[in-house]
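Here's the structure we're looking at; comments come further down.
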Amino acid sequence: MNERGGGLMKKLSVNKQRIEAKLFALGKIGRNENGGLDRTTFTPAEIEARNWLKKELNRLRLTVRVDQAANIWARREGTNPELPVLAFGSHIDSVPNGGMYDGALGVILALEVMHVLEEYGVKTKHPLELVSFSAEEPNPFGLSTFGSRAMTGKLTVEAITGVTNSDGCLLTEALREAGGDPDNFARAVRSPHELAAYLEVHIEQGKRLLQHEIPIGLVTGIAGIYREEVTVIGEANHAGTTLMKDRADAFLATASMALALEEVLLHDPDEEVVGTIGQVIVKPNATNIIPGEVTFSLEIRGQSKEKIQDVLSQWEDKVQIIHRHRKIKVIRIVKLDQAPVAMSEKIIACCEEQANKRGYPTYRLSSMAGHDAAHMASITPSGMLFVPSLAGKSHCPEEASQIDDIEKVGNVLLHSILALDNSL
């Protein structure tokens with residue numbers, strides 16, 4: 001059957017039992033004793049998950065290949081070989097002790113779309129490609145969104161050469177074991193002319209959809225991320241014999257800076273600007289010594305560079321006051337200044353229309369987390385669909401989404417791809 005008539009189009013639907021079965025099958029790979037997933041980049045568990053996915057793709061008679069950045073691609077030919085590719089997918093690596101929905105759900109739903117099209121013999125004009133990107137999550141090699149940055153030309157072989165994890169394992173060797181090719185790394189780059197659009201499904205990782213009781217999130221843009229490494233230098237001294245007025249305590253200065261950041265953010269009217277001090281290294285880190293040096297990470301996320309800069313400026317004013325009162329020195333190094341990325345309005349509108357046709361409520365919202373779609377948007381029109389996260393939890397074993405919500409988003413993904421195939 002290769003007709004594209006109205007009767008067939010109405011009949012097309014994802015199979016939630018099949019989705020759930022494959023989600024749980026993949027979710028067993030890398031499961032630890034706490035019930036979470038340890039499936040970080042290029043580990044044995046992640047390699048096992050890759051092999052599982054490739055077997056599933058081969059069952060659908062798709063053309064499967066692994067590119068030089070170890071991204072997995074599965075192609076279904078269209079009737080017009082001259083047309084560019086409609087791509088969709090996500091990633092299957094996890095954070096340490098993570099959940100089984102983050103990233104993996106997007107890949108499983110992409111797999112289900114391919115399955116439905118094959119099952120009903122639907123022909124598309126554009127070739128379709130499922131993608132599972134390498135190393136989307138922060139990982140022991142320190143290079144997140146690895147695969148999407150590589151294929152968009154933002155990550156070069158020079159940036160990965162000599163990089164190791166804490167065990168001294170070379171990233172280039174781990175990449176080879178996953179099927180990549182560091183010797184020809186630049187060949188992973190794809191031209192904008194090769195792609196018609198990119199669409200990604202992901203769990204929200206927050207509570208907004210849940211609070212509005214809406215099953216479909218239409219992502220308008222992906223937050224910008226600004227990160228610094230801040231070192232506070234005070235003076236180490238005896239914890240018992242040094243009077244409070246004589247101290248230059250680097251940790252207390254750091255605590256004041258952290259509270260200053262919170263104060264700025266809590267008074268900002270924009271609830272979608274957030275900040276975090278997530279890593280703190282105290283030296284000498286001894287019970288009876290006043291901390292002489294602290295290094296911490298500072299992160300601010302927002303929907304515009306202006307908003308991020310406004311928060312940063314207000315925080316800097318407070319840091320200057322702390323600096324004067326606490327007899328410390330502050331050294332700041334910018335580690336990341338990633339601009340916010342807008343999603344394609346055409347794709348947003350297409351997804352919205354397909355949801356409306358099926359009676360599914362939708363809600364437009366921004367993504368506060370980074371995703372591969374942010375990099376894909378630099379070379380092709382891109383969009384994202386969010387599934388509600390139960391209790392807003394993510395990056396933890398309790399991460400979950402309702403299968404009924406997943407089914408709805410899966411149907412929107414399926415019919416949006418078909419609609420884009422007709423309209424692009």
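Ordering of the structure tokens sets the chain letters (A, B, ...), residue numbers begin anew at 1 in every chain, and ligands are numbered from 1 in the order given.
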Which residues of range 156-264 of chain A have any atom within 10 Å of an atom in range 50-68 of chain A when counting only C-alpha atoms, and what is the closest pair of atoms for each, with the distance in Å to one decimal? Order the rows by chain and rising number and write it as JSON lines.
{"residue": "A:Leu175", "atom": "CA", "partner": "A:Gln68", "partner_atom": "CA", "distance": 8.5}
{"residue": "A:Arg176", "atom": "CA", "partner": "A:Gln68", "partner_atom": "CA", "distance": 8.6}
{"residue": "A:Ala178", "atom": "CA", "partner": "A:Arg50", "partner_atom": "CA", "distance": 8.2}
{"residue": "A:Gly179", "atom": "CA", "partner": "A:Val66", "partner_atom": "CA", "distance": 6.3}
{"residue": "A:Gly180", "atom": "CA", "partner": "A:Gln68", "partner_atom": "CA", "distance": 4.3}
{"residue": "A:Asp181", "atom": "CA", "partner": "A:Gln68", "partner_atom": "CA", "distance": 4.4}
{"residue": "A:Pro182", "atom": "CA", "partner": "A:Gln68", "partner_atom": "CA", "distance": 6.5}
{"residue": "A:Asp183", "atom": "CA", "partner": "A:Gln68", "partner_atom": "CA", "distance": 8.4}
{"residue": "A:Asn184", "atom": "CA", "partner": "A:Gln68", "partner_atom": "CA", "distance": 6.5}
{"residue": "A:Phe185", "atom": "CA", "partner": "A:Gln68", "partner_atom": "CA", "distance": 5.2}
{"residue": "A:Ala186", "atom": "CA", "partner": "A:Gln68", "partner_atom": "CA", "distance": 7.7}
{"residue": "A:Arg187", "atom": "CA", "partner": "A:Gln68", "partner_atom": "CA", "distance": 6.5}
{"residue": "A:Ala188", "atom": "CA", "partner": "A:Gln68", "partner_atom": "CA", "distance": 5.1}
{"residue": "A:Val189", "atom": "CA", "partner": "A:Gln68", "partner_atom": "CA", "distance": 8.9}
Next, the residues of the selection above should be written as an mmCIF file, in the first residue's frame with all heavy atoms.
data_model
loop_
_atom_site.group_PDB
_atom_site.id
_atom_site.type_symbol
_atom_site.label_atom_id
_atom_site.label_comp_id
_atom_site.auth_asym_id
_atom_site.auth_seq_id
_atom_site.Cartn_x
_atom_site.Cartn_y
_atom_site.Cartn_z
ATOM 1 N N LEU A 175 36.092 6.355 20.554
ATOM 2 C CA LEU A 175 35.298 6.659 19.371
ATOM 3 C C LEU A 175 35.419 5.542 18.338
ATOM 4 O O LEU A 175 34.417 5.127 17.731
ATOM 5 C CB LEU A 175 35.762 7.993 18.778
ATOM 6 C CG LEU A 175 35.064 8.498 17.524
ATOM 7 C CD1 LEU A 175 33.582 8.711 17.766
ATOM 8 C CD2 LEU A 175 35.723 9.793 17.032
ATOM 9 N N ARG A 176 36.617 5.035 18.149
ATOM 10 C CA ARG A 176 36.816 3.915 17.211
ATOM 11 C C ARG A 176 36.012 2.694 17.637
ATOM 12 O O ARG A 176 35.395 2.024 16.804
ATOM 13 C CB ARG A 176 38.293 3.539 17.156
ATOM 14 C CG ARG A 176 39.181 4.422 16.340
ATOM 15 C CD ARG A 176 40.598 3.827 16.265
ATOM 16 N NE ARG A 176 41.599 4.860 16.295
ATOM 17 C CZ ARG A 176 41.966 5.580 15.239
ATOM 18 N NH1 ARG A 176 41.387 5.350 14.072
ATOM 19 N NH2 ARG A 176 42.894 6.507 15.346
ATOM 20 N N ALA A 178 33.319 2.579 19.159
ATOM 21 C CA ALA A 178 31.885 2.800 18.926
ATOM 22 C C ALA A 178 31.544 2.832 17.443
ATOM 23 O O ALA A 178 30.370 3.002 17.085
ATOM 24 C CB ALA A 178 31.452 4.102 19.593
ATOM 25 N N GLY A 179 32.541 2.690 16.591
ATOM 26 C CA GLY A 179 32.300 2.679 15.148
ATOM 27 C C GLY A 179 32.644 3.965 14.447
ATOM 28 O O GLY A 179 32.427 4.092 13.237
ATOM 29 N N GLY A 180 33.181 4.948 15.186
ATOM 30 C CA GLY A 180 33.577 6.214 14.589
ATOM 31 C C GLY A 180 34.946 6.129 13.943
ATOM 32 O O GLY A 180 35.611 5.092 13.985
ATOM 33 N N ASP A 181 35.375 7.232 13.369
ATOM 34 C CA ASP A 181 36.650 7.253 12.652
ATOM 35 C C ASP A 181 37.334 8.602 12.865
ATOM 36 O O ASP A 181 37.135 9.539 12.090
ATOM 37 C CB ASP A 181 36.416 6.995 11.164
ATOM 38 C CG ASP A 181 37.704 6.951 10.353
ATOM 39 O OD1 ASP A 181 38.796 7.065 10.952
ATOM 40 O OD2 ASP A 181 37.609 6.818 9.113
ATOM 41 N N PRO A 182 38.145 8.726 13.922
ATOM 42 C CA PRO A 182 38.799 10.014 14.185
ATOM 43 C C PRO A 182 39.772 10.442 13.090
ATOM 44 O O PRO A 182 40.029 11.631 12.928
ATOM 45 C CB PRO A 182 39.520 9.773 15.519
ATOM 46 C CG PRO A 182 39.640 8.299 15.646
ATOM 47 C CD PRO A 182 38.457 7.727 14.954
ATOM 48 N N ASP A 183 40.280 9.483 12.311
ATOM 49 C CA ASP A 183 41.219 9.839 11.244
ATOM 50 C C ASP A 183 40.527 10.579 10.104
ATOM 51 O O ASP A 183 41.178 11.283 9.326
ATOM 52 C CB ASP A 183 41.893 8.576 10.688
ATOM 53 C CG ASP A 183 42.753 7.878 11.734
ATOM 54 O OD1 ASP A 183 43.290 8.577 12.614
ATOM 55 O OD2 ASP A 183 42.870 6.641 11.679
ATOM 56 N N ASN A 184 39.234 10.398 9.972
ATOM 57 C CA ASN A 184 38.465 11.074 8.925
ATOM 58 C C ASN A 184 37.276 11.818 9.528
ATOM 59 O O ASN A 184 36.187 11.866 8.956
ATOM 60 C CB ASN A 184 37.969 10.046 7.904
ATOM 61 C CG ASN A 184 39.106 9.378 7.163
ATOM 62 O OD1 ASN A 184 39.712 9.976 6.277
ATOM 63 N ND2 ASN A 184 39.417 8.138 7.534
ATOM 64 N N PHE A 185 37.506 12.423 10.689
ATOM 65 C CA PHE A 185 36.443 13.006 11.495
ATOM 66 C C PHE A 185 35.636 14.059 10.739
ATOM 67 O O PHE A 185 34.410 14.141 10.885
ATOM 68 C CB PHE A 185 37.052 13.615 12.761
ATOM 69 C CG PHE A 185 36.058 13.911 13.853
ATOM 70 C CD1 PHE A 185 35.399 12.890 14.506
ATOM 71 C CD2 PHE A 185 35.792 15.220 14.234
ATOM 72 C CE1 PHE A 185 34.493 13.145 15.519
ATOM 73 C CE2 PHE A 185 34.898 15.494 15.257
ATOM 74 C CZ PHE A 185 34.244 14.458 15.897
ATOM 75 N N ALA A 186 36.291 14.841 9.897
ATOM 76 C CA ALA A 186 35.610 15.930 9.189
ATOM 77 C C ALA A 186 34.544 15.411 8.229
ATOM 78 O O ALA A 186 33.634 16.164 7.838
ATOM 79 C CB ALA A 186 36.620 16.784 8.430
ATOM 80 N N ARG A 187 34.624 14.147 7.859
ATOM 81 C CA ARG A 187 33.636 13.593 6.928
ATOM 82 C C ARG A 187 32.269 13.391 7.587
ATOM 83 O O ARG A 187 31.289 13.082 6.905
ATOM 84 C CB ARG A 187 34.137 12.269 6.355
ATOM 85 C CG ARG A 187 35.334 12.425 5.416
ATOM 86 C CD ARG A 187 35.710 11.112 4.791
ATOM 87 N NE ARG A 187 36.889 11.249 3.956
ATOM 88 C CZ ARG A 187 37.498 10.232 3.348
ATOM 89 N NH1 ARG A 187 37.015 8.995 3.501
ATOM 90 N NH2 ARG A 187 38.564 10.432 2.598
ATOM 91 N N ALA A 188 32.201 13.558 8.883
ATOM 92 C CA ALA A 188 30.902 13.473 9.573
ATOM 93 C C ALA A 188 30.040 14.687 9.275
ATOM 94 O O ALA A 188 28.817 14.650 9.455
ATOM 95 C CB ALA A 188 31.111 13.352 11.084
ATOM 96 N N VAL A 189 30.652 15.765 8.824
ATOM 97 C CA VAL A 189 29.910 17.009 8.563
ATOM 98 C C VAL A 189 28.953 16.812 7.400
ATOM 99 O O VAL A 189 29.314 16.254 6.361
ATOM 100 C CB VAL A 189 30.881 18.166 8.250
ATOM 101 C CG1 VAL A 189 30.108 19.436 7.884
ATOM 102 C CG2 VAL A 189 31.796 18.429 9.448
#
Got a sec: who's within 10 Å of Ser401 in chain A, counting only C-alpha atoms, leaving out chain neighbours fewer than 2 positions off, as a PyMOL selection string?
chain A and resi 101+105+203-205+387-393+398-399+403-406
Take the residues that were just selected and, keeping N, CA and C atoms, output them as a PDB file, in the first residue's frame.
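The new file selection03.pdb reads:
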ATOM      1  N   TYR A 101      14.157   7.632  29.972  1.00  0.00           N
ATOM      2  CA  TYR A 101      13.352   8.377  29.006  1.00  0.00           C
ATOM      3  C   TYR A 101      14.147   9.478  28.302  1.00  0.00           C
ATOM      4  N   LEU A 105      13.669   8.222  24.552  1.00  0.00           N
ATOM      5  CA  LEU A 105      12.288   8.292  24.089  1.00  0.00           C
ATOM      6  C   LEU A 105      12.212   8.852  22.671  1.00  0.00           C
ATOM      7  N   ILE A 203      11.578  14.424  26.514  1.00  0.00           N
ATOM      8  CA  ILE A 203      10.811  14.728  27.722  1.00  0.00           C
ATOM      9  C   ILE A 203      11.093  16.170  28.132  1.00  0.00           C
ATOM     10  N   GLU A 204      10.114  16.799  28.776  1.00  0.00           N
ATOM     11  CA  GLU A 204      10.291  18.211  29.127  1.00  0.00           C
ATOM     12  C   GLU A 204      11.395  18.419  30.150  1.00  0.00           C
ATOM     13  N   GLN A 205      11.493  17.538  31.138  1.00  0.00           N
ATOM     14  CA  GLN A 205      12.448  17.675  32.241  1.00  0.00           C
ATOM     15  C   GLN A 205      12.089  18.842  33.165  1.00  0.00           C
ATOM     16  N   VAL A 387       7.280  15.918  25.796  1.00  0.00           N
ATOM     17  CA  VAL A 387       6.341  15.061  26.518  1.00  0.00           C
ATOM     18  C   VAL A 387       6.396  15.451  27.991  1.00  0.00           C
ATOM     19  N   PRO A 388       5.267  15.561  28.690  1.00  0.00           N
ATOM     20  CA  PRO A 388       5.310  15.907  30.117  1.00  0.00           C
ATOM     21  C   PRO A 388       6.146  14.917  30.931  1.00  0.00           C
ATOM     22  N   SER A 389       6.877  15.448  31.891  1.00  0.00           N
ATOM     23  CA  SER A 389       7.682  14.632  32.812  1.00  0.00           C
ATOM     24  C   SER A 389       6.960  14.527  34.144  1.00  0.00           C
ATOM     25  N   LEU A 390       6.716  13.311  34.609  1.00  0.00           N
ATOM     26  CA  LEU A 390       6.032  13.123  35.885  1.00  0.00           C
ATOM     27  C   LEU A 390       6.847  13.735  37.016  1.00  0.00           C
ATOM     28  N   ALA A 391       6.197  14.574  37.808  1.00  0.00           N
ATOM     29  CA  ALA A 391       6.821  15.301  38.925  1.00  0.00           C
ATOM     30  C   ALA A 391       7.950  16.213  38.455  1.00  0.00           C
ATOM     31  N   GLY A 392       8.075  16.407  37.149  1.00  0.00           N
ATOM     32  CA  GLY A 392       9.133  17.253  36.612  1.00  0.00           C
ATOM     33  C   GLY A 392      10.520  16.665  36.768  1.00  0.00           C
ATOM     34  N   LYS A 393      10.600  15.352  37.031  1.00  0.00           N
ATOM     35  CA  LYS A 393      11.902  14.745  37.354  1.00  0.00           C
ATOM     36  C   LYS A 393      12.637  14.264  36.104  1.00  0.00           C
ATOM     37  N   GLU A 398      13.962   8.102  38.899  1.00  0.00           N
ATOM     38  CA  GLU A 398      12.511   8.299  38.973  1.00  0.00           C
ATOM     39  C   GLU A 398      11.924   8.953  37.719  1.00  0.00           C
ATOM     40  N   GLU A 399      12.766   9.342  36.788  1.00  0.00           N
ATOM     41  CA  GLU A 399      12.328   9.968  35.549  1.00  0.00           C
ATOM     42  C   GLU A 399      11.267   9.109  34.850  1.00  0.00           C
ATOM     43  N   ILE A 403       2.443   6.812  29.318  1.00  0.00           N
ATOM     44  CA  ILE A 403       2.419   6.218  27.984  1.00  0.00           C
ATOM     45  C   ILE A 403       1.347   6.856  27.102  1.00  0.00           C
ATOM     46  N   ASP A 404       0.238   7.320  27.691  1.00  0.00           N
ATOM     47  CA  ASP A 404      -0.797   7.980  26.886  1.00  0.00           C
ATOM     48  C   ASP A 404      -0.292   9.302  26.311  1.00  0.00           C
ATOM     49  N   ASP A 405       0.501  10.035  27.094  1.00  0.00           N
ATOM     50  CA  ASP A 405       1.103  11.271  26.587  1.00  0.00           C
ATOM     51  C   ASP A 405       2.128  10.953  25.503  1.00  0.00           C
ATOM     52  N   ILE A 406       2.903   9.910  25.730  1.00  0.00           N
ATOM     53  CA  ILE A 406       3.906   9.492  24.746  1.00  0.00           C
ATOM     54  C   ILE A 406       3.229   9.132  23.425  1.00  0.00           C
TER      55      ILE A 406
END
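For the residues A:Ile322, A:Leu86, A:Ile216, A:Val330, ranking by smallest atom-to-atom distance to Gln354 in chain A using only C-alpha atoms places A:Ile216 first.
Candidate residues A:Leu199, A:Ala258, A:Ala369, A:Ala419 were compared for distance to Met384 in chain A, and the nearest is A:Leu199, using only C-alpha atoms.
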Separating CA of Ser191 in chain A from CA of Thr152 in chain A, to the nearest tenth of an Å, is a gap of 7.9 Å
Which is closest to Lys245 in chain A among A:Lys327, A:Thr295, A:Thr220, A:Phe88, if we use only C-alpha atoms?
A:Lys327
Range 161-306 of chain A: which residues are alpha helix (DSSP H) by DSSP, as a PyMOL selection string?
chain A and resi 171-177+208-212+250-266+305-306
From a DSSP pass on the backbone, collect the residues of range 89-157 of chain A flagged as strand (DSSP E) and hand them back as a PyMOL selection string.
chain A and resi 89-91+128-133
Tell me, as an MDAnalysis selection string, which residues lie within 12 Å of range 267-272 of chain A, counting only C-alpha atoms; anything in the same chain fewer than 2 positions away does not count.
chainID A and resid 206 208 221:224 260:265 274:275 300:304 307:308 310:312 314:315 365:369
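Here CA of Tyr120 in chain A stands at a distance of 14.6 Å from CA of Asn411 in chain A.
Closest approach to Ser13 in chain A from the set A:Pro284, A:Pro397, A:Gly359, A:Gly410 is made by A:Gly410, with distances taken over only C-alpha atoms.
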Name all residues at most 8 Å from Val230 in chain A (count only C-alpha atoms; drop same-chain ones fewer than 4 positions away) and give them as an NGL selection string.
:A and (295-298 or 330-333)
Those residues with N, CA and C atoms, as a PDB file, in the first residue's frame please?
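Final output, saved to result.pdb:
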ATOM      1  N   THR A 295      37.262  26.761  44.021  1.00  0.00           N
ATOM      2  CA  THR A 295      36.926  26.887  42.599  1.00  0.00           C
ATOM      3  C   THR A 295      35.512  26.365  42.408  1.00  0.00           C
ATOM      4  N   PHE A 296      34.670  27.165  41.744  1.00  0.00           N
ATOM      5  CA  PHE A 296      33.297  26.717  41.533  1.00  0.00           C
ATOM      6  C   PHE A 296      32.836  27.031  40.118  1.00  0.00           C
ATOM      7  N   SER A 297      31.798  26.282  39.701  1.00  0.00           N
ATOM      8  CA  SER A 297      31.198  26.519  38.385  1.00  0.00           C
ATOM      9  C   SER A 297      29.990  27.431  38.545  1.00  0.00           C
ATOM     10  N   LEU A 298      29.866  28.387  37.658  1.00  0.00           N
ATOM     11  CA  LEU A 298      28.722  29.288  37.609  1.00  0.00           C
ATOM     12  C   LEU A 298      28.020  29.085  36.276  1.00  0.00           C
ATOM     13  N   VAL A 330      39.464  37.258  43.241  1.00  0.00           N
ATOM     14  CA  VAL A 330      38.567  36.450  42.398  1.00  0.00           C
ATOM     15  C   VAL A 330      39.127  36.374  40.980  1.00  0.00           C
ATOM     16  N   ILE A 331      39.236  35.138  40.462  1.00  0.00           N
ATOM     17  CA  ILE A 331      39.683  34.910  39.079  1.00  0.00           C
ATOM     18  C   ILE A 331      38.551  34.211  38.332  1.00  0.00           C
ATOM     19  N   ARG A 332      38.153  34.775  37.208  1.00  0.00           N
ATOM     20  CA  ARG A 332      37.018  34.240  36.447  1.00  0.00           C
ATOM     21  C   ARG A 332      37.446  33.881  35.033  1.00  0.00           C
ATOM     22  N   ILE A 333      37.037  32.678  34.589  1.00  0.00           N
ATOM     23  CA  ILE A 333      37.341  32.224  33.223  1.00  0.00           C
ATOM     24  C   ILE A 333      36.036  31.771  32.561  1.00  0.00           C
TER      25      ILE A 333
END
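Shortest atom-to-atom contact with Asp249 in chain A among A:Ile289, A:Ala342, A:Ile92, A:Ala74: A:Ile289, counting only C-alpha atoms.
Our summary of the geometry notes that CA of Ala349 in chain A is positioned 15.5 Å from CA of Val201 in chain A.
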Within 8 Å of Leu385 in chain A, counting only C-alpha atoms, which residues show up once you throw out same-chain ones fewer than 3 positions away? Write them as an NGL selection string, please.
:A and (199-202 or 216-219 or 409 or 413)
Restricting it to N, CA, C and O atoms, dump the selection as a PDB file, in the first residue's frame.
ATOM      1  N   LEU A 199      13.529  17.139  13.333  1.00  0.00           N
ATOM      2  CA  LEU A 199      12.507  17.176  14.388  1.00  0.00           C
ATOM      3  C   LEU A 199      12.896  16.198  15.489  1.00  0.00           C
ATOM      4  O   LEU A 199      13.275  15.051  15.210  1.00  0.00           O
ATOM      5  N   GLU A 200      12.810  16.646  16.726  1.00  0.00           N
ATOM      6  CA  GLU A 200      13.254  15.848  17.873  1.00  0.00           C
ATOM      7  C   GLU A 200      12.178  15.827  18.957  1.00  0.00           C
ATOM      8  O   GLU A 200      11.634  16.870  19.317  1.00  0.00           O
ATOM      9  N   VAL A 201      11.904  14.636  19.474  1.00  0.00           N
ATOM     10  CA  VAL A 201      11.017  14.491  20.635  1.00  0.00           C
ATOM     11  C   VAL A 201      11.876  14.302  21.870  1.00  0.00           C
ATOM     12  O   VAL A 201      12.877  13.577  21.840  1.00  0.00           O
ATOM     13  N   HIS A 202      11.463  14.920  22.967  1.00  0.00           N
ATOM     14  CA  HIS A 202      12.212  14.807  24.221  1.00  0.00           C
ATOM     15  C   HIS A 202      11.240  14.972  25.380  1.00  0.00           C
ATOM     16  O   HIS A 202      10.181  15.583  25.228  1.00  0.00           O
ATOM     17  N   ILE A 216       1.147  17.961  24.976  1.00  0.00           N
ATOM     18  CA  ILE A 216       2.057  18.255  23.865  1.00  0.00           C
ATOM     19  C   ILE A 216       2.742  19.592  24.086  1.00  0.00           C
ATOM     20  O   ILE A 216       2.084  20.637  24.155  1.00  0.00           O
ATOM     21  N   GLY A 217       4.053  19.570  24.177  1.00  0.00           N
ATOM     22  CA  GLY A 217       4.820  20.802  24.274  1.00  0.00           C
ATOM     23  C   GLY A 217       5.431  21.151  22.930  1.00  0.00           C
ATOM     24  O   GLY A 217       6.079  20.314  22.294  1.00  0.00           O
ATOM     25  N   LEU A 218       5.196  22.379  22.470  1.00  0.00           N
ATOM     26  CA  LEU A 218       5.781  22.881  21.227  1.00  0.00           C
ATOM     27  C   LEU A 218       6.924  23.822  21.608  1.00  0.00           C
ATOM     28  O   LEU A 218       6.694  24.899  22.165  1.00  0.00           O
ATOM     29  N   VAL A 219       8.138  23.406  21.336  1.00  0.00           N
ATOM     30  CA  VAL A 219       9.308  24.157  21.797  1.00  0.00           C
ATOM     31  C   VAL A 219       9.580  25.329  20.863  1.00  0.00           C
ATOM     32  O   VAL A 219       9.770  25.148  19.657  1.00  0.00           O
ATOM     33  N   VAL A 409       2.172  12.354  21.563  1.00  0.00           N
ATOM     34  CA  VAL A 409       3.311  13.037  20.945  1.00  0.00           C
ATOM     35  C   VAL A 409       3.846  12.216  19.776  1.00  0.00           C
ATOM     36  O   VAL A 409       4.247  12.768  18.745  1.00  0.00           O
ATOM     37  N   LEU A 413       4.361  13.510  16.000  1.00  0.00           N
ATOM     38  CA  LEU A 413       5.626  13.351  15.282  1.00  0.00           C
ATOM     39  C   LEU A 413       5.390  12.682  13.928  1.00  0.00           C
ATOM     40  O   LEU A 413       5.860  13.170  12.889  1.00  0.00           O
TER      41      LEU A 413
END
Leaving out range 17-24 of chain A and any residue of its chain fewer than 5 positions from it, which residues lie within 7 Å of it when counting only C-alpha atoms, given as a VMD selection string?
chain A and resid 105 108 to 109 112
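If only C-alpha atoms are the atoms counted, then among A:Leu424, A:Ala355, A:Cys169, A:Ala253 the closest residue to Val319 in chain A is A:Ala253.
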